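Undergrad: Below is the file protein_38.pdb, which contains PDB, C-alpha atoms, pLDDT in the B column.
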ATOM      1  CA  MET A   1     -23.180-132.459-103.428  1.00 45.00           C
ATOM      2  CA  LEU A   2     -25.208-132.412-100.243  1.00 51.00           C
ATOM      3  CA  LEU A   3     -24.567-136.109 -99.722  1.00 52.00           C
ATOM      4  CA  LYS A   4     -20.814-135.491-100.014  1.00 58.00           C
ATOM      5  CA  GLN A   5     -21.012-132.765 -97.366  1.00 58.00           C
ATOM      6  CA  VAL A   6     -22.931-134.999 -94.976  1.00 50.00           C
ATOM      7  CA  ILE A   7     -20.486-137.845 -95.446  1.00 53.00           C
ATOM      8  CA  SER A   8     -17.422-135.601 -95.102  1.00 58.00           C
ATOM      9  CA  GLN A   9     -18.715-134.404 -91.715  1.00 55.00           C
ATOM     10  CA  ALA A  10     -19.866-137.770 -90.478  1.00 53.00           C
ATOM     11  CA  VAL A  11     -16.963-139.928 -91.581  1.00 52.00           C
ATOM     12  CA  PRO A  12     -14.138-138.487 -89.388  1.00 53.00           C
ATOM     13  CA  CYS A  13     -16.146-139.102 -86.178  1.00 51.00           C
ATOM     14  CA  ALA A  14     -17.400-142.443 -87.366  1.00 54.00           C
ATOM     15  CA  LEU A  15     -13.930-143.621 -88.322  1.00 54.00           C
ATOM     16  CA  ASP A  16     -12.688-143.285 -84.737  1.00 56.00           C
ATOM     17  CA  GLN A  17     -15.452-145.593 -83.610  1.00 58.00           C
ATOM     18  CA  VAL A  18     -15.076-147.957 -86.536  1.00 54.00           C
ATOM     19  CA  ARG A  19     -11.423-148.509 -85.628  1.00 58.00           C
ATOM     20  CA  LYS A  20     -12.606-149.910 -82.323  1.00 59.00           C
ATOM     21  CA  MET A  21     -15.145-152.216 -83.943  1.00 64.00           C
ATOM     22  CA  SER A  22     -14.851-155.810 -84.912  1.00 67.00           C
ATOM     23  CA  THR A  23     -13.210-157.041 -88.083  1.00 77.00           C
ATOM     24  CA  GLU A  24     -16.628-158.219 -89.280  1.00 77.00           C
ATOM     25  CA  LEU A  25     -17.491-154.694 -90.309  1.00 80.00           C
ATOM     26  CA  VAL A  26     -14.191-154.240 -92.124  1.00 81.00           C
ATOM     27  CA  GLN A  27     -14.841-157.469 -94.032  1.00 83.00           C
ATOM     28  CA  LEU A  28     -18.071-155.978 -95.347  1.00 86.00           C
ATOM     29  CA  PHE A  29     -16.366-153.089 -97.103  1.00 86.00           C
ATOM     30  CA  PRO A  30     -15.307-154.974-100.276  1.00 87.00           C
ATOM     31  CA  THR A  31     -18.893-156.168-100.710  1.00 89.00           C
ATOM     32  CA  LEU A  32     -20.265-152.705-100.147  1.00 90.00           C
ATOM     33  CA  ARG A  33     -17.942-151.230-102.734  1.00 90.00           C
ATOM     34  CA  GLU A  34     -19.309-153.625-105.326  1.00 92.00           C
ATOM     35  CA  LEU A  35     -22.873-152.419-104.857  1.00 92.00           C
ATOM     36  CA  LYS A  36     -24.557-150.435-107.599  1.00 91.00           C
ATOM     37  CA  ARG A  37     -25.216-146.750-106.995  1.00 91.00           C
ATOM     38  CA  ALA A  38     -28.945-147.318-106.395  1.00 90.00           C
ATOM     39  CA  GLU A  39     -28.152-150.113-103.956  1.00 90.00           C
ATOM     40  CA  LYS A  40     -25.729-147.899-102.051  1.00 90.00           C
ATOM     41  CA  LEU A  41     -28.366-145.155-101.784  1.00 90.00           C
ATOM     42  CA  TYR A  42     -30.882-147.729-100.555  1.00 89.00           C
ATOM     43  CA  LEU A  43     -28.340-148.921 -97.991  1.00 90.00           C
ATOM     44  CA  ILE A  44     -27.852-145.367 -96.728  1.00 90.00           C
ATOM     45  CA  GLN A  45     -31.612-144.968 -96.412  1.00 89.00           C
ATOM     46  CA  PHE A  46     -31.836-148.263 -94.539  1.00 86.00           C
ATOM     47  CA  LEU A  47     -29.094-147.281 -92.113  1.00 87.00           C
ATOM     48  CA  VAL A  48     -30.597-143.846 -91.449  1.00 84.00           C
ATOM     49  CA  SER A  49     -34.001-145.323 -90.640  1.00 81.00           C
ATOM     50  CA  SER A  50     -32.340-148.008 -88.541  1.00 78.00           C
ATOM     51  CA  LEU A  51     -30.514-145.354 -86.500  1.00 77.00           C
ATOM     52  CA  ALA A  52     -33.743-143.357 -86.112  1.00 74.00           C
ATOM     53  CA  GLN A  53     -35.487-146.477 -84.842  1.00 71.00           C
ATOM     54  CA  GLU A  54     -32.733-147.044 -82.265  1.00 69.00           C
ATOM     55  CA  GLU A  55     -33.174-143.450 -81.042  1.00 66.00           C
ATOM     56  CA  THR A  56     -36.854-144.028 -80.309  1.00 65.00           C
ATOM     57  CA  GLU A  57     -35.956-147.194 -78.422  1.00 63.00           C
ATOM     58  CA  LEU A  58     -33.956-145.126 -75.911  1.00 64.00           C
ATOM     59  CA  LEU A  59     -37.260-144.578 -74.133  1.00 64.00           C
ATOM     60  CA  GLN A  60     -39.021-147.788 -73.212  1.00 66.00           C
ATOM     61  CA  ALA A  61     -42.752-148.221 -72.725  1.00 68.00           C
ATOM     62  CA  GLY A  62     -43.878-149.029 -69.204  1.00 72.00           C
ATOM     63  CA  VAL A  63     -40.728-147.677 -67.551  1.00 69.00           C
ATOM     64  CA  ALA A  64     -40.970-144.758 -65.103  1.00 70.00           C
ATOM     65  CA  TYR A  65     -38.665-141.825 -65.790  1.00 70.00           C
ATOM     66  CA  PRO A  66     -38.829-139.462 -62.785  1.00 74.00           C
ATOM     67  CA  VAL A  67     -38.658-135.759 -63.578  1.00 80.00           C
ATOM     68  CA  TRP A  68     -37.175-133.925 -60.629  1.00 85.00           C
ATOM     69  CA  SER A  69     -36.919-130.503 -62.247  1.00 88.00           C
ATOM     70  CA  PRO A  70     -38.870-127.897 -60.273  1.00 89.00           C
ATOM     71  CA  TYR A  71     -39.523-126.190 -63.589  1.00 85.00           C
ATOM     72  CA  ASP A  72     -42.062-123.623 -62.414  1.00 86.00           C
ATOM     73  CA  ALA A  73     -41.000-122.997 -58.816  1.00 91.00           C
ATOM     74  CA  PHE A  74     -41.053-119.254 -59.353  1.00 91.00           C
ATOM     75  CA  ASP A  75     -42.010-118.367 -55.775  1.00 92.00           C
ATOM     76  CA  ALA A  76     -38.977-120.279 -54.487  1.00 94.00           C
ATOM     77  CA  ALA A  77     -36.815-118.644 -57.155  1.00 95.00           C
ATOM     78  CA  ASP A  78     -38.008-115.210 -56.037  1.00 94.00           C
ATOM     79  CA  VAL A  79     -37.190-115.926 -52.370  1.00 94.00           C
ATOM     80  CA  MET A  80     -33.736-117.188 -53.368  1.00 95.00           C
ATOM     81  CA  LEU A  81     -33.007-114.099 -55.458  1.00 94.00           C
ATOM     82  CA  GLN A  82     -33.924-111.862 -52.534  1.00 94.00           C
ATOM     83  CA  ALA A  83     -31.669-113.879 -50.200  1.00 95.00           C
ATOM     84  CA  LEU A  84     -28.788-113.572 -52.663  1.00 95.00           C
ATOM     85  CA  ALA A  85     -29.326-109.808 -52.920  1.00 95.00           C
ATOM     86  CA  GLU A  86     -29.327-109.493 -49.124  1.00 94.00           C
ATOM     87  CA  ALA A  87     -26.167-111.602 -48.856  1.00 94.00           C
ATOM     88  CA  LYS A  88     -24.494-109.386 -51.464  1.00 91.00           C
ATOM     89  CA  LEU A  89     -25.442-106.284 -49.456  1.00 91.00           C
ATOM     90  CA  GLY A  90     -23.935-107.971 -46.406  1.00 86.00           C
ATOM     91  CA  ASP A  91     -20.671-108.474 -48.307  1.00 86.00           C
ATOM     92  CA  HIS A  92     -20.421-104.736 -48.955  1.00 77.00           C
ATOM     93  CA  ALA A  93     -21.490-103.641 -45.458  1.00 72.00           C
TER      94      ALA A  93
ATOM     95  CA  MET B   1      -6.803-118.106 -66.522  1.00 57.00           C
ATOM     96  CA  ARG B   2      -8.866-119.737 -69.249  1.00 64.00           C
ATOM     97  CA  ASN B   3     -12.334-118.261 -69.572  1.00 91.00           C
ATOM     98  CA  SER B   4     -14.080-121.493 -70.510  1.00 94.00           C
ATOM     99  CA  GLU B   5     -13.880-125.165 -69.620  1.00 95.00           C
ATOM    100  CA  ARG B   6     -15.208-128.209 -71.441  1.00 96.00           C
ATOM    101  CA  TYR B   7     -16.596-131.259 -69.653  1.00 96.00           C
ATOM    102  CA  PRO B   8     -17.810-134.625 -70.918  1.00 95.00           C
ATOM    103  CA  PHE B   9     -21.329-136.004 -70.563  1.00 94.00           C
ATOM    104  CA  ILE B  10     -21.339-138.756 -67.925  1.00 91.00           C
ATOM    105  CA  ALA B  11     -23.270-142.029 -68.042  1.00 85.00           C
ATOM    106  CA  ALA B  12     -25.684-142.063 -65.103  1.00 79.00           C
ATOM    107  CA  ASP B  13     -26.217-145.783 -65.672  1.00 75.00           C
ATOM    108  CA  SER B  14     -23.395-147.726 -67.306  1.00 72.00           C
ATOM    109  CA  ALA B  15     -25.824-150.469 -68.352  1.00 71.00           C
ATOM    110  CA  LEU B  16     -27.868-148.006 -70.405  1.00 71.00           C
ATOM    111  CA  GLY B  17     -24.936-146.208 -72.018  1.00 72.00           C
ATOM    112  CA  GLU B  18     -26.063-143.577 -74.522  1.00 75.00           C
ATOM    113  CA  ALA B  19     -29.544-143.346 -73.049  1.00 76.00           C
ATOM    114  CA  SER B  20     -28.219-142.306 -69.645  1.00 81.00           C
ATOM    115  CA  LEU B  21     -25.608-139.711 -70.600  1.00 89.00           C
ATOM    116  CA  ARG B  22     -26.099-136.502 -68.631  1.00 92.00           C
ATOM    117  CA  PRO B  23     -24.298-133.156 -68.283  1.00 95.00           C
ATOM    118  CA  TYR B  24     -22.945-133.582 -64.754  1.00 96.00           C
ATOM    119  CA  LEU B  25     -20.635-130.751 -63.710  1.00 97.00           C
ATOM    120  CA  PRO B  26     -17.930-131.485 -61.120  1.00 96.00           C
ATOM    121  CA  LEU B  27     -17.863-128.762 -58.479  1.00 97.00           C
ATOM    122  CA  THR B  28     -16.704-128.086 -54.945  1.00 97.00           C
ATOM    123  CA  LEU B  29     -19.141-126.806 -52.334  1.00 97.00           C
ATOM    124  CA  THR B  30     -18.075-124.931 -49.220  1.00 97.00           C
ATOM    125  CA  TYR B  31     -20.297-124.144 -46.238  1.00 96.00           C
ATOM    126  CA  GLN B  32     -18.830-122.747 -43.030  1.00 94.00           C
ATOM    127  CA  ASN B  33     -15.367-124.213 -43.731  1.00 91.00           C
ATOM    128  CA  GLN B  34     -16.764-127.645 -44.622  1.00 95.00           C
ATOM    129  CA  VAL B  35     -15.750-128.596 -48.171  1.00 96.00           C
ATOM    130  CA  ILE B  36     -17.066-131.423 -50.341  1.00 96.00           C
ATOM    131  CA  SER B  37     -16.504-132.382 -53.960  1.00 96.00           C
ATOM    132  CA  THR B  38     -19.566-133.474 -55.858  1.00 96.00           C
ATOM    133  CA  ALA B  39     -21.274-133.141 -59.250  1.00 96.00           C
ATOM    134  CA  GLY B  40     -24.394-131.252 -60.269  1.00 96.00           C
ATOM    135  CA  LEU B  41     -26.780-131.955 -63.103  1.00 96.00           C
ATOM    136  CA  LEU B  42     -27.098-128.967 -65.418  1.00 97.00           C
ATOM    137  CA  ASP B  43     -30.865-128.585 -65.609  1.00 95.00           C
ATOM    138  CA  THR B  44     -32.002-125.686 -67.767  1.00 95.00           C
ATOM    139  CA  GLY B  45     -35.611-126.587 -66.981  1.00 93.00           C
ATOM    140  CA  ALA B  46     -35.178-126.220 -63.226  1.00 94.00           C
ATOM    141  CA  ALA B  47     -36.246-122.844 -61.856  1.00 94.00           C
ATOM    142  CA  VAL B  48     -33.870-123.210 -58.907  1.00 95.00           C
ATOM    143  CA  ASN B  49     -30.806-125.092 -57.701  1.00 96.00           C
ATOM    144  CA  VAL B  50     -31.699-128.142 -55.621  1.00 96.00           C
ATOM    145  CA  LEU B  51     -29.497-129.696 -52.933  1.00 96.00           C
ATOM    146  CA  PRO B  52     -30.266-133.287 -51.861  1.00 96.00           C
ATOM    147  CA  PHE B  53     -30.684-133.720 -48.112  1.00 96.00           C
ATOM    148  CA  ARG B  54     -27.610-135.931 -47.742  1.00 96.00           C
ATOM    149  CA  ILE B  55     -25.237-133.405 -49.288  1.00 96.00           C
ATOM    150  CA  GLY B  56     -26.523-130.647 -47.022  1.00 96.00           C
ATOM    151  CA  ILE B  57     -25.795-132.857 -44.020  1.00 96.00           C
ATOM    152  CA  GLU B  58     -22.315-133.666 -45.367  1.00 96.00           C
ATOM    153  CA  LEU B  59     -21.711-129.926 -45.615  1.00 96.00           C
ATOM    154  CA  GLY B  60     -22.510-129.593 -41.933  1.00 96.00           C
ATOM    155  CA  ALA B  61     -25.760-127.679 -42.454  1.00 96.00           C
ATOM    156  CA  VAL B  62     -28.384-128.079 -39.727  1.00 96.00           C
ATOM    157  CA  TRP B  63     -31.933-128.392 -41.012  1.00 96.00           C
ATOM    158  CA  LYS B  64     -33.555-126.661 -38.026  1.00 95.00           C
ATOM    159  CA  ARG B  65     -31.292-123.656 -38.357  1.00 94.00           C
ATOM    160  CA  GLN B  66     -32.375-122.971 -41.946  1.00 94.00           C
ATOM    161  CA  THR B  67     -35.411-120.839 -41.358  1.00 91.00           C
ATOM    162  CA  THR B  68     -36.482-119.849 -44.865  1.00 93.00           C
ATOM    163  CA  PRO B  69     -38.952-122.407 -46.271  1.00 94.00           C
ATOM    164  CA  LEU B  70     -39.241-122.889 -50.012  1.00 94.00           C
ATOM    165  CA  GLN B  71     -42.057-124.514 -51.957  1.00 94.00           C
ATOM    166  CA  LEU B  72     -40.830-126.683 -54.802  1.00 93.00           C
ATOM    167  CA  THR B  73     -42.915-128.097 -57.635  1.00 92.00           C
ATOM    168  CA  GLY B  74     -43.237-131.319 -59.613  1.00 90.00           C
ATOM    169  CA  ASN B  75     -41.967-134.497 -57.951  1.00 88.00           C
ATOM    170  CA  LEU B  76     -40.240-132.386 -55.301  1.00 92.00           C
ATOM    171  CA  ALA B  77     -43.425-130.606 -54.176  1.00 92.00           C
ATOM    172  CA  GLN B  78     -44.120-133.346 -51.619  1.00 92.00           C
ATOM    173  CA  TYR B  79     -40.848-132.676 -49.759  1.00 94.00           C
ATOM    174  CA  ALA B  80     -40.065-129.752 -47.465  1.00 95.00           C
ATOM    175  CA  ALA B  81     -37.259-127.494 -48.687  1.00 95.00           C
ATOM    176  CA  ARG B  82     -35.273-124.715 -47.059  1.00 96.00           C
ATOM    177  CA  LEU B  83     -32.943-122.044 -48.332  1.00 96.00           C
ATOM    178  CA  LEU B  84     -29.195-122.672 -48.039  1.00 96.00           C
ATOM    179  CA  LEU B  85     -26.498-120.337 -49.352  1.00 96.00           C
ATOM    180  CA  VAL B  86     -23.303-122.133 -50.320  1.00 97.00           C
ATOM    181  CA  SER B  87     -20.013-121.175 -51.940  1.00 97.00           C
ATOM    182  CA  ALA B  88     -19.291-123.167 -55.105  1.00 97.00           C
ATOM    183  CA  SER B  89     -16.100-123.542 -57.136  1.00 97.00           C
ATOM    184  CA  VAL B  90     -16.143-124.768 -60.715  1.00 96.00           C
ATOM    185  CA  GLY B  91     -12.882-125.676 -62.438  1.00 94.00           C
ATOM    186  CA  PRO B  92     -10.333-122.868 -62.309  1.00 94.00           C
ATOM    187  CA  PHE B  93     -12.937-120.136 -61.895  1.00 95.00           C
ATOM    188  CA  PRO B  94     -13.355-117.926 -58.822  1.00 95.00           C
ATOM    189  CA  PRO B  95     -15.931-119.249 -56.328  1.00 96.00           C
ATOM    190  CA  VAL B  96     -19.489-117.996 -56.553  1.00 96.00           C
ATOM    191  CA  ARG B  97     -22.350-117.933 -54.081  1.00 96.00           C
ATOM    192  CA  LEU B  98     -25.124-120.362 -54.998  1.00 96.00           C
ATOM    193  CA  ALA B  99     -28.570-120.388 -53.426  1.00 96.00           C
ATOM    194  CA  PHE B 100     -29.977-123.886 -53.019  1.00 96.00           C
ATOM    195  CA  ALA B 101     -33.376-125.241 -52.220  1.00 96.00           C
ATOM    196  CA  TRP B 102     -32.191-127.833 -49.705  1.00 97.00           C
ATOM    197  CA  THR B 103     -34.775-130.581 -49.989  1.00 96.00           C
ATOM    198  CA  GLU B 104     -35.588-133.408 -47.624  1.00 95.00           C
ATOM    199  CA  ALA B 105     -35.676-135.676 -50.665  1.00 93.00           C
ATOM    200  CA  GLU B 106     -32.813-138.171 -50.762  1.00 88.00           C
ATOM    201  CA  HIS B 107     -32.950-139.657 -54.231  1.00 88.00           C
ATOM    202  CA  VAL B 108     -32.778-136.481 -56.228  1.00 92.00           C
ATOM    203  CA  PRO B 109     -29.623-135.403 -58.059  1.00 93.00           C
ATOM    204  CA  LEU B 110     -27.990-132.128 -57.155  1.00 96.00           C
ATOM    205  CA  LEU B 111     -29.659-129.832 -59.682  1.00 96.00           C
ATOM    206  CA  LEU B 112     -28.075-126.680 -61.065  1.00 97.00           C
ATOM    207  CA  GLY B 113     -30.937-124.492 -62.271  1.00 95.00           C
ATOM    208  CA  GLN B 114     -31.842-121.027 -63.485  1.00 95.00           C
ATOM    209  CA  ILE B 115     -31.634-119.409 -60.016  1.00 93.00           C
ATOM    210  CA  ASN B 116     -28.906-118.964 -59.675  1.00 93.00           C
ATOM    211  CA  PHE B 117     -26.395-121.265 -61.403  1.00 97.00           C
ATOM    212  CA  PHE B 118     -27.338-120.052 -64.876  1.00 96.00           C
ATOM    213  CA  LEU B 119     -27.094-116.460 -63.655  1.00 96.00           C
ATOM    214  CA  GLU B 120     -23.460-117.090 -62.758  1.00 96.00           C
ATOM    215  CA  PHE B 121     -22.323-119.216 -65.697  1.00 97.00           C
ATOM    216  CA  ASN B 122     -23.005-119.375 -69.409  1.00 97.00           C
ATOM    217  CA  VAL B 123     -23.266-122.914 -70.684  1.00 97.00           C
ATOM    218  CA  CYS B 124     -23.069-124.259 -74.209  1.00 97.00           C
ATOM    219  CA  PHE B 125     -24.149-127.839 -74.841  1.00 97.00           C
ATOM    220  CA  TYR B 126     -22.568-129.943 -77.581  1.00 95.00           C
ATOM    221  CA  ARG B 127     -24.701-133.016 -77.042  1.00 91.00           C
ATOM    222  CA  SER B 128     -23.762-134.649 -80.335  1.00 89.00           C
ATOM    223  CA  GLU B 129     -20.103-134.394 -79.267  1.00 91.00           C
ATOM    224  CA  LEU B 130     -20.954-135.446 -75.693  1.00 93.00           C
ATOM    225  CA  THR B 131     -19.423-132.320 -74.180  1.00 96.00           C
ATOM    226  CA  PHE B 132     -20.545-129.024 -72.674  1.00 97.00           C
ATOM    227  CA  GLU B 133     -18.686-125.788 -72.096  1.00 97.00           C
ATOM    228  CA  ILE B 134     -18.850-123.517 -69.039  1.00 97.00           C
ATOM    229  CA  THR B 135     -17.975-119.830 -68.995  1.00 96.00           C
ATOM    230  CA  PRO B 136     -18.326-117.527 -65.971  1.00 96.00           C
ATOM    231  CA  LYS B 137     -20.564-114.517 -66.499  1.00 93.00           C
ATOM    232  CA  ALA B 138     -18.789-111.414 -67.780  1.00 86.00           C
TER     233      ALA B 138
END
Take the structure in the file and give it back as structure tokens.
TA:
Amino acid sequence: MLLKQVISQAVPCALDQVRKMSTELVQLFPTLRELKRAEKLYLIQFLVSSLAQEETELLQAGVAYPVWSPYDAFDAADVMLQALAEAKLGDHA
Amino acid sequence: MRNSERYPFIAADSALGEASLRPYLPLTLTYQNQVISTAGLLDTGAAVNVLPFRIGIELGAVWKRQTTPLQLTGNLAQYAARLLLVSASVGPFPPVRLAFAWTEAEHVPLLLGQINFFLEFNVCFYRSELTFEITPKA
């Protein structure tokens, strides 16, 4: 049941992309349909782990990824809040 | 007027595709009658908004006239920054006043951070759908 739910959510999005793909994928479908249940489940498992592997490859070793976020610039944030409050007072003056 | 707008994630590097998709928000900045259209990176981890030096110059701001220094952190700590108040328009929504840390750094994206972009707008990310939604504060 859970598998059906996952597929029903995933398939509509995937279909849009599949339509844009090559005919090679479409030619695979008859073969895939012939697979036994256990083989189909194994195929799903293979594809899921393959996708997970691709996700980890989004970050490459040895490449610099600069992080510009001033994530703890609280003093600057405090000064800016005060300036905004003063500007707001000026609007109402 | 609609109370929310959806925007797509944008590829920062077309060669990298999925790996470079970022939530860049198109917006218009106005400073003393000078108007420019640009895009800001929605950065929930940034304590403050950050304005790259070049955009401040394009807006007609004069570095020496901005007298409030700000100390940034991380990669930006090495660059001087000064306070700049700018009017910003997003989509069909009324303009808001944004406070920026105008940095001397050139190769930084325009960052929209907690102070004060996220005080003015609520944002919902739908990363799996490659969109995000902006709503002005109530």
Undergrad: Distance cut-off 6 Å, counting all atoms listed in the file - which residues of chain B neighbour chain A? Return them as a PDB file with C-alpha atoms, in the frame of the given file.
TA:
ATOM      1  CA  ALA B  19     -29.544-143.346 -73.049  1.00 76.00           C
ATOM      2  CA  GLY B  45     -35.611-126.587 -66.981  1.00 93.00           C
ATOM      3  CA  ALA B  46     -35.178-126.220 -63.226  1.00 94.00           C
ATOM      4  CA  ALA B  47     -36.246-122.844 -61.856  1.00 94.00           C
ATOM      5  CA  VAL B  48     -33.870-123.210 -58.907  1.00 95.00           C
ATOM      6  CA  LEU B  70     -39.241-122.889 -50.012  1.00 94.00           C
ATOM      7  CA  GLN B  71     -42.057-124.514 -51.957  1.00 94.00           C
ATOM      8  CA  LEU B  72     -40.830-126.683 -54.802  1.00 93.00           C
ATOM      9  CA  THR B  73     -42.915-128.097 -57.635  1.00 92.00           C
ATOM     10  CA  GLY B  74     -43.237-131.319 -59.613  1.00 90.00           C
ATOM     11  CA  ASN B  75     -41.967-134.497 -57.951  1.00 88.00           C
ATOM     12  CA  ILE B 115     -31.634-119.409 -60.016  1.00 93.00           C
TER      13      ILE B 115
END
Undergrad: Using all atoms listed in the file for the distances, tell me which of A:Leu32, A:Ala93, A:Gln82, A:Gln53 is nearest to Leu83 in chain B.
TA: A:Gln82
Undergrad: On this structure, the PyMOL selection byres ((chain B and resi 103-113) around 8) would catch which residues? List them as number ranges by chain, sorted by chain and number.
TA: A: 68-69; B: 39-54, 76, 79-82, 101-102, 114-118
Undergrad: With distances taken over only C-alpha atoms, which of B:Ala88, B:Phe121, B:Thr38, B:Pro23 is nearest to Tyr7 in chain B?
TA: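 Using only C-alpha atoms, Tyr7 in chain B sits closest to B:Pro23.
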Undergrad: Could you tell me which of B:Phe125, B:Glu133, B:Arg22, B:Thr30 comes closest to Leu84 in chain B if we count all atoms listed in the file?
TA: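 Nearest candidate to Leu84 in chain B out of B:Phe125, B:Glu133, B:Arg22, B:Thr30: B:Thr30.
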Undergrad: Would you compute the distance between CA of Tyr65 in chain A and CA of Ser37 in chain B? Give it in Å to one decimal.
TA: 26.8 Å
